[in-house]
Amino acid sequence: MIGRDLSGVYSSLLYRIIRQGPEVPWCENGELYMIELIKADLTSLSVDAIVNAANSSLMGGGGVDGAIHASAGPQLLEACRKLGGCQPGDVKMTAGFNLPAKIILHTVGPIWRGGRAGERAVLSCCYEKSLQLGLEEGVTSIAFPSISTGAYGYPKRQAAVIALTAMTQYSERYETIICCCFNDSDLWVYQKVMGTLERRD
Ligand code: ADP
């Protein structure tokens, strides 16, 4: 059974997906996992892990990457320097340094080139590999920005479908997965896509 409960959290909508069933022995009070859609600055979140939409150099940049480096402090750049870059679709890890988040998972999204250059597969990998590495590191709460939808130009709705599809595949293994939208219009896109995915279920 899937239900949806709307309540005010972080002054935006919280989507709570509830699954029940004998196939999940650790189900308690019918509540198993959550995907939260919020509007916030990713760097302000007190979670186990935040995901950075980095570039291949891992040496910092604009957008969310710049905000993360600015808030984490110069030690982050030092740590990133030792990682040897990161290929699109891959993920590398550092500490969170001055951020409230304990760790940062740096992933590199695809640059949008019209949709026929494998962008979808690469973006899926960003989410799946981040979620997989998070699990391996004992992360229980993780927050994502909308990877590739800023400077890299990925269409927002298509990107949200990819993000939420990957998150629902992993959501039973996390306490909380957060889609951290930076503005109202991005939040609205995620809300619309979430509704579509729920109806398919
Ligand atoms: P990319 O190069 O992968 O497109 P960007 O940083 O340009 O990365 O944009 C990715 C997304 O992150 C965009 O939706 C942008 O609005 C959002 N964003 C930018 N700054 C922040 C922030 N501080 N917190 C959360 N999201 C952010």
# chains A, B, ... in the order shown; residues from 1 in each chain; ligands from 1

call {"tool": "residues_near_ligand", "arguments": {"ligand": "ligand 1", "cutoff": "6 Å", "atoms": "only C-alpha atoms and all ligand atoms", "output": "list in words"}}
result
Asp41, Leu42, Thr43, Ala53, Gly63, Val64, Asp65, Ala67, Gly109, Pro145, Ser146, Ile147, Ser148, Thr149, Gly150, Ala151, Tyr152, Gly153, Cys180, Cys181 and Phe182 of chain A

call {"tool": "write_last_selection", "arguments": {"atoms": "C-alpha atoms", "output": "PDB file, in the first residue's frame"}}
result
ATOM      1  CA  ASP A  41      20.471  25.597   0.405  1.00  0.00           C
ATOM      2  CA  LEU A  42      22.165  22.201   0.281  1.00  0.00           C
ATOM      3  CA  THR A  43      25.062  23.492   2.363  1.00  0.00           C
ATOM      4  CA  ALA A  53      27.231  18.365  -8.606  1.00  0.00           C
ATOM      5  CA  GLY A  63      26.642  26.809  -8.698  1.00  0.00           C
ATOM      6  CA  VAL A  64      26.193  24.292  -5.934  1.00  0.00           C
ATOM      7  CA  ASP A  65      29.827  23.194  -6.240  1.00  0.00           C
ATOM      8  CA  ALA A  67      28.606  27.030  -2.563  1.00  0.00           C
ATOM      9  CA  GLY A 109      26.756  14.967 -14.163  1.00  0.00           C
ATOM     10  CA  PRO A 145      20.823  18.864  -5.568  1.00  0.00           C
ATOM     11  CA  SER A 146      19.250  18.613  -9.002  1.00  0.00           C
ATOM     12  CA  ILE A 147      22.410  17.394 -10.730  1.00  0.00           C
ATOM     13  CA  SER A 148      23.222  18.769 -14.203  1.00  0.00           C
ATOM     14  CA  THR A 149      20.201  21.079 -14.351  1.00  0.00           C
ATOM     15  CA  GLY A 150      22.153  24.299 -13.807  1.00  0.00           C
ATOM     16  CA  ALA A 151      25.186  25.151 -15.909  1.00  0.00           C
ATOM     17  CA  TYR A 152      25.092  21.709 -17.569  1.00  0.00           C
ATOM     18  CA  GLY A 153      21.634  22.406 -19.016  1.00  0.00           C
ATOM     19  CA  CYS A 180      17.129  19.692  -2.200  1.00  0.00           C
ATOM     20  CA  CYS A 181      15.644  22.157  -4.674  1.00  0.00           C
ATOM     21  CA  PHE A 182      17.087  25.625  -4.854  1.00  0.00           C
TER      22      PHE A 182
END

call {"tool": "residues_around", "arguments": {"residues": "stretch 91-99 of chain A", "least_positions_apart": "3", "cutoff": "9 Å", "atoms": "only C-alpha atoms", "output": "VMD selection string"}}
result
chain A and resid 43 to 46 49 to 50 68 71 to 76 79 to 80 83 85 to 88 102 to 108 125 to 126 129 to 130 133

call {"tool": "select_by_dssp", "arguments": {"residues": "stretch 1-196 of chain A", "states": "strand (DSSP E or B)", "output": "number ranges by chain"}}
result
A: 3-9, 12-18, 28, 31, 34-39, 49-54, 91-95, 103-108, 141-144, 176-181

call {"tool": "select_by_dssp", "arguments": {"residues": "stretch 70-173 of chain A", "states": "alpha helix (DSSP H)", "output": "PyMOL selection string"}}
result
chain A and resi 70-72+74-81+119-136+156-170

call {"tool": "residues_around", "arguments": {"residues": "A:Tyr127", "least_positions_apart": "6", "cutoff": "8 Å", "atoms": "only C-alpha atoms", "output": "list in words"}}
result
Ala163, Ala166 and Met167 of chain A

call {"tool": "write_last_selection", "arguments": {"atoms": "N, CA and C atoms", "output": "CSV table (one decimal), in the first residue's frame"}}
result
chain,number,residue,atom,x,y,z
A,163,ALA,N,16.2,11.2,-11.3
A,163,ALA,CA,16.6,11.3,-9.9
A,163,ALA,C,15.6,10.5,-9.0
A,166,ALA,N,15.8,6.6,-9.4
A,166,ALA,CA,17.0,6.0,-8.6
A,166,ALA,C,16.7,6.1,-7.1
A,167,MET,N,16.1,7.2,-6.7
A,167,MET,CA,15.9,7.3,-5.2
A,167,MET,C,14.9,6.3,-4.7

call {"tool": "residues_around", "arguments": {"residues": "A:Thr140", "least_positions_apart": "2", "cutoff": "10 Å", "atoms": "only C-alpha atoms", "output": "PyMOL selection string"}}
result
chain A and resi 47-49+134-135+137-138+142+173-177

call {"tool": "residues_around", "arguments": {"residues": "A:Tyr170", "least_positions_apart": "5", "cutoff": "9 Å", "atoms": "only C-alpha atoms", "output": "ChimeraX atom specification"}}
result
/A:128,131-132,177

call {"tool": "write_last_selection", "arguments": {"atoms": "N, CA and C atoms", "output": "mmCIF file, in the first residue's frame"}}
result
data_model
loop_
_atom_site.group_PDB
_atom_site.id
_atom_site.type_symbol
_atom_site.label_atom_id
_atom_site.label_comp_id
_atom_site.auth_asym_id
_atom_site.auth_seq_id
_atom_site.Cartn_x
_atom_site.Cartn_y
_atom_site.Cartn_z
ATOM 1 N N GLU A 128 22.720 6.617 -8.806
ATOM 2 C CA GLU A 128 22.844 5.248 -8.300
ATOM 3 C C GLU A 128 24.176 5.028 -7.589
ATOM 4 N N LEU A 131 24.166 6.789 -4.232
ATOM 5 C CA LEU A 131 23.336 6.075 -3.248
ATOM 6 C C LEU A 131 24.023 4.783 -2.810
ATOM 7 N N GLN A 132 24.686 4.119 -3.745
ATOM 8 C CA GLN A 132 25.383 2.878 -3.416
ATOM 9 C C GLN A 132 26.574 3.156 -2.494
ATOM 10 N N ILE A 177 16.003 10.300 2.197
ATOM 11 C CA ILE A 177 16.650 10.804 0.986
ATOM 12 C C ILE A 177 15.986 12.140 0.670
#

call {"tool": "residues_around", "arguments": {"residues": "A:Arg81", "least_positions_apart": "4", "cutoff": "8 Å", "atoms": "only C-alpha atoms", "output": "list in words"}}
result
Leu58, Met59, Leu77 and Gly85 of chain A

call {"tool": "atom_distance", "arguments": {"atom1": "atom CA of A:Lys39", "atom2": "atom CA of A:Asn183"}}
result
6.0 Å

call {"tool": "atom_distance", "arguments": {"atom1": "atom CA of A:His69", "atom2": "atom CA of A:Ala40"}}
result
16.8 Å

call {"tool": "closest_residue", "arguments": {"among": "A:Val193, A:Val51, A:Ala117, A:Ala143", "to": "A:Ile178", "atoms": "only C-alpha atoms"}}
result
A:Ala143

call {"tool": "residues_around", "arguments": {"residues": "A:Thr196", "least_positions_apart": "6", "cutoff": "12 Å", "atoms": "only C-alpha atoms", "output": "mmCIF file with C-alpha atoms, in the first residue's frame"}}
result
data_model
loop_
_atom_site.group_PDB
_atom_site.id
_atom_site.type_symbol
_atom_site.label_atom_id
_atom_site.label_comp_id
_atom_site.auth_asym_id
_atom_site.auth_seq_id
_atom_site.Cartn_x
_atom_site.Cartn_y
_atom_site.Cartn_z
ATOM 1 C CA ARG A 157 11.670 17.480 -15.692
ATOM 2 C CA ALA A 160 13.795 14.831 -11.923
ATOM 3 C CA VAL A 161 12.390 11.592 -13.374
ATOM 4 C CA LEU A 164 13.365 10.088 -8.315
ATOM 5 C CA THR A 165 13.531 6.751 -10.122
ATOM 6 C CA VAL A 189 8.897 20.105 -11.019
ATOM 7 C CA TYR A 190 9.840 17.468 -8.439
#

call {"tool": "closest_residue", "arguments": {"among": "A:Ser141, A:Gln191, A:Leu197, A:Ala121", "to": "A:Thr168", "atoms": "only C-alpha atoms"}}
result
A:Leu197

call {"tool": "atom_distance", "arguments": {"atom1": "atom CA of A:Asp184", "atom2": "atom CA of A:Ile38"}}
result
9.3 Å

call {"tool": "closest_residue", "arguments": {"among": "A:Ala101, A:Ile111, A:Leu187, A:Val139", "to": "A:Gly89", "atoms": "only C-alpha atoms"}}
result
A:Ile111

call {"tool": "decode", "arguments": {"residues": "stretch 36-134 of chain A", "atoms": "C-alpha atoms", "output": "compact mmCIF listing (two decimals), in the first residue's frame"}}
result
# COMPACT_ATOMS: atom_id res chain seq x y z
CA GLU A 36 11.63 14.51 1.02
CA LEU A 37 11.28 17.32 -1.46
CA ILE A 38 12.45 20.56 0.05
CA LYS A 39 13.52 24.03 -0.97
CA ALA A 40 16.79 24.83 0.75
CA ASP A 41 20.47 25.60 0.40
CA LEU A 42 22.16 22.20 0.28
CA THR A 43 25.06 23.49 2.36
CA SER A 44 22.76 24.18 5.32
CA LEU A 45 21.54 20.59 5.75
CA SER A 46 22.53 18.48 8.75
CA VAL A 47 22.57 15.10 7.08
CA ASP A 48 25.09 12.29 6.92
CA ALA A 49 25.93 13.06 3.30
CA ILE A 50 25.31 15.71 0.71
CA VAL A 51 25.99 15.12 -2.97
CA ASN A 52 27.93 17.71 -4.92
CA ALA A 53 27.23 18.37 -8.61
CA ALA A 54 30.93 18.81 -9.32
CA ASN A 55 32.93 19.09 -12.52
CA SER A 56 35.52 16.54 -13.65
CA SER A 57 38.45 18.41 -12.15
CA LEU A 58 36.90 18.34 -8.66
CA MET A 59 38.68 21.63 -8.11
CA GLY A 60 35.57 23.65 -7.45
CA GLY A 61 33.37 25.69 -9.76
CA GLY A 62 30.17 27.68 -9.77
CA GLY A 63 26.64 26.81 -8.70
CA VAL A 64 26.19 24.29 -5.93
CA ASP A 65 29.83 23.19 -6.24
CA GLY A 66 31.01 26.73 -5.48
CA ALA A 67 28.61 27.03 -2.56
CA ILE A 68 29.85 23.75 -1.09
CA HIS A 69 33.51 24.74 -1.37
CA ALA A 70 32.78 28.15 0.13
CA SER A 71 30.99 26.65 3.12
CA ALA A 72 33.22 23.61 3.66
CA GLY A 73 36.36 25.74 3.68
CA PRO A 74 39.80 25.44 2.05
CA GLN A 75 40.45 21.96 3.44
CA LEU A 76 37.93 20.66 0.93
CA LEU A 77 40.00 21.84 -2.01
CA GLU A 78 43.08 20.20 -0.50
CA ALA A 79 41.20 16.92 -0.13
CA CYS A 80 39.81 17.14 -3.66
CA ARG A 81 43.26 17.76 -5.09
CA LYS A 82 44.28 14.27 -3.95
CA LEU A 83 41.36 12.53 -5.68
CA GLY A 84 42.65 12.79 -9.25
CA GLY A 85 39.44 14.13 -10.74
CA CYS A 86 36.23 12.26 -11.44
CA GLN A 87 34.65 10.96 -14.65
CA PRO A 88 31.05 11.86 -15.54
CA GLY A 89 28.71 9.40 -13.83
CA ASP A 90 31.29 8.47 -11.23
CA VAL A 91 31.50 9.52 -7.57
CA LYS A 92 34.28 10.32 -5.09
CA MET A 93 34.09 11.05 -1.40
CA THR A 94 35.53 13.59 1.02
CA ALA A 95 34.74 14.71 4.52
CA GLY A 96 32.31 17.58 4.97
CA PHE A 97 34.85 19.76 6.82
CA ASN A 98 33.03 22.93 7.97
CA LEU A 99 29.68 21.82 6.61
CA PRO A 100 26.99 20.39 8.89
CA ALA A 101 27.01 17.32 6.62
CA LYS A 102 29.52 14.67 7.65
CA ILE A 103 30.58 13.65 4.16
CA ILE A 104 30.40 14.97 0.62
CA LEU A 105 29.89 12.64 -2.32
CA HIS A 106 31.21 14.42 -5.39
CA THR A 107 29.63 13.29 -8.63
CA VAL A 108 29.93 14.70 -12.14
CA GLY A 109 26.76 14.97 -14.16
CA PRO A 110 26.53 14.94 -17.94
CA ILE A 111 26.54 18.12 -20.00
CA TRP A 112 23.27 18.21 -21.93
CA ARG A 113 23.97 17.80 -25.66
CA GLY A 114 20.43 17.21 -26.87
CA GLY A 115 19.77 13.84 -25.25
CA ARG A 116 21.44 11.50 -27.74
CA ALA A 117 24.88 11.42 -26.23
CA GLY A 118 24.15 9.03 -23.38
CA GLU A 119 23.21 11.80 -20.96
CA ARG A 120 20.41 9.81 -19.37
CA ALA A 121 22.61 6.82 -18.50
CA VAL A 122 25.31 9.06 -17.08
CA LEU A 123 22.87 10.99 -14.92
CA SER A 124 21.34 7.73 -13.63
CA CYS A 125 24.84 6.57 -12.70
CA CYS A 126 25.41 9.77 -10.71
CA TYR A 127 22.42 9.01 -8.51
CA GLU A 128 22.84 5.25 -8.30
CA LYS A 129 26.56 5.30 -7.55
CA SER A 130 26.11 8.03 -4.94
CA LEU A 131 23.34 6.08 -3.25
CA GLN A 132 25.38 2.88 -3.42
CA LEU A 133 28.53 4.49 -2.00
CA GLY A 134 26.46 6.14 0.72
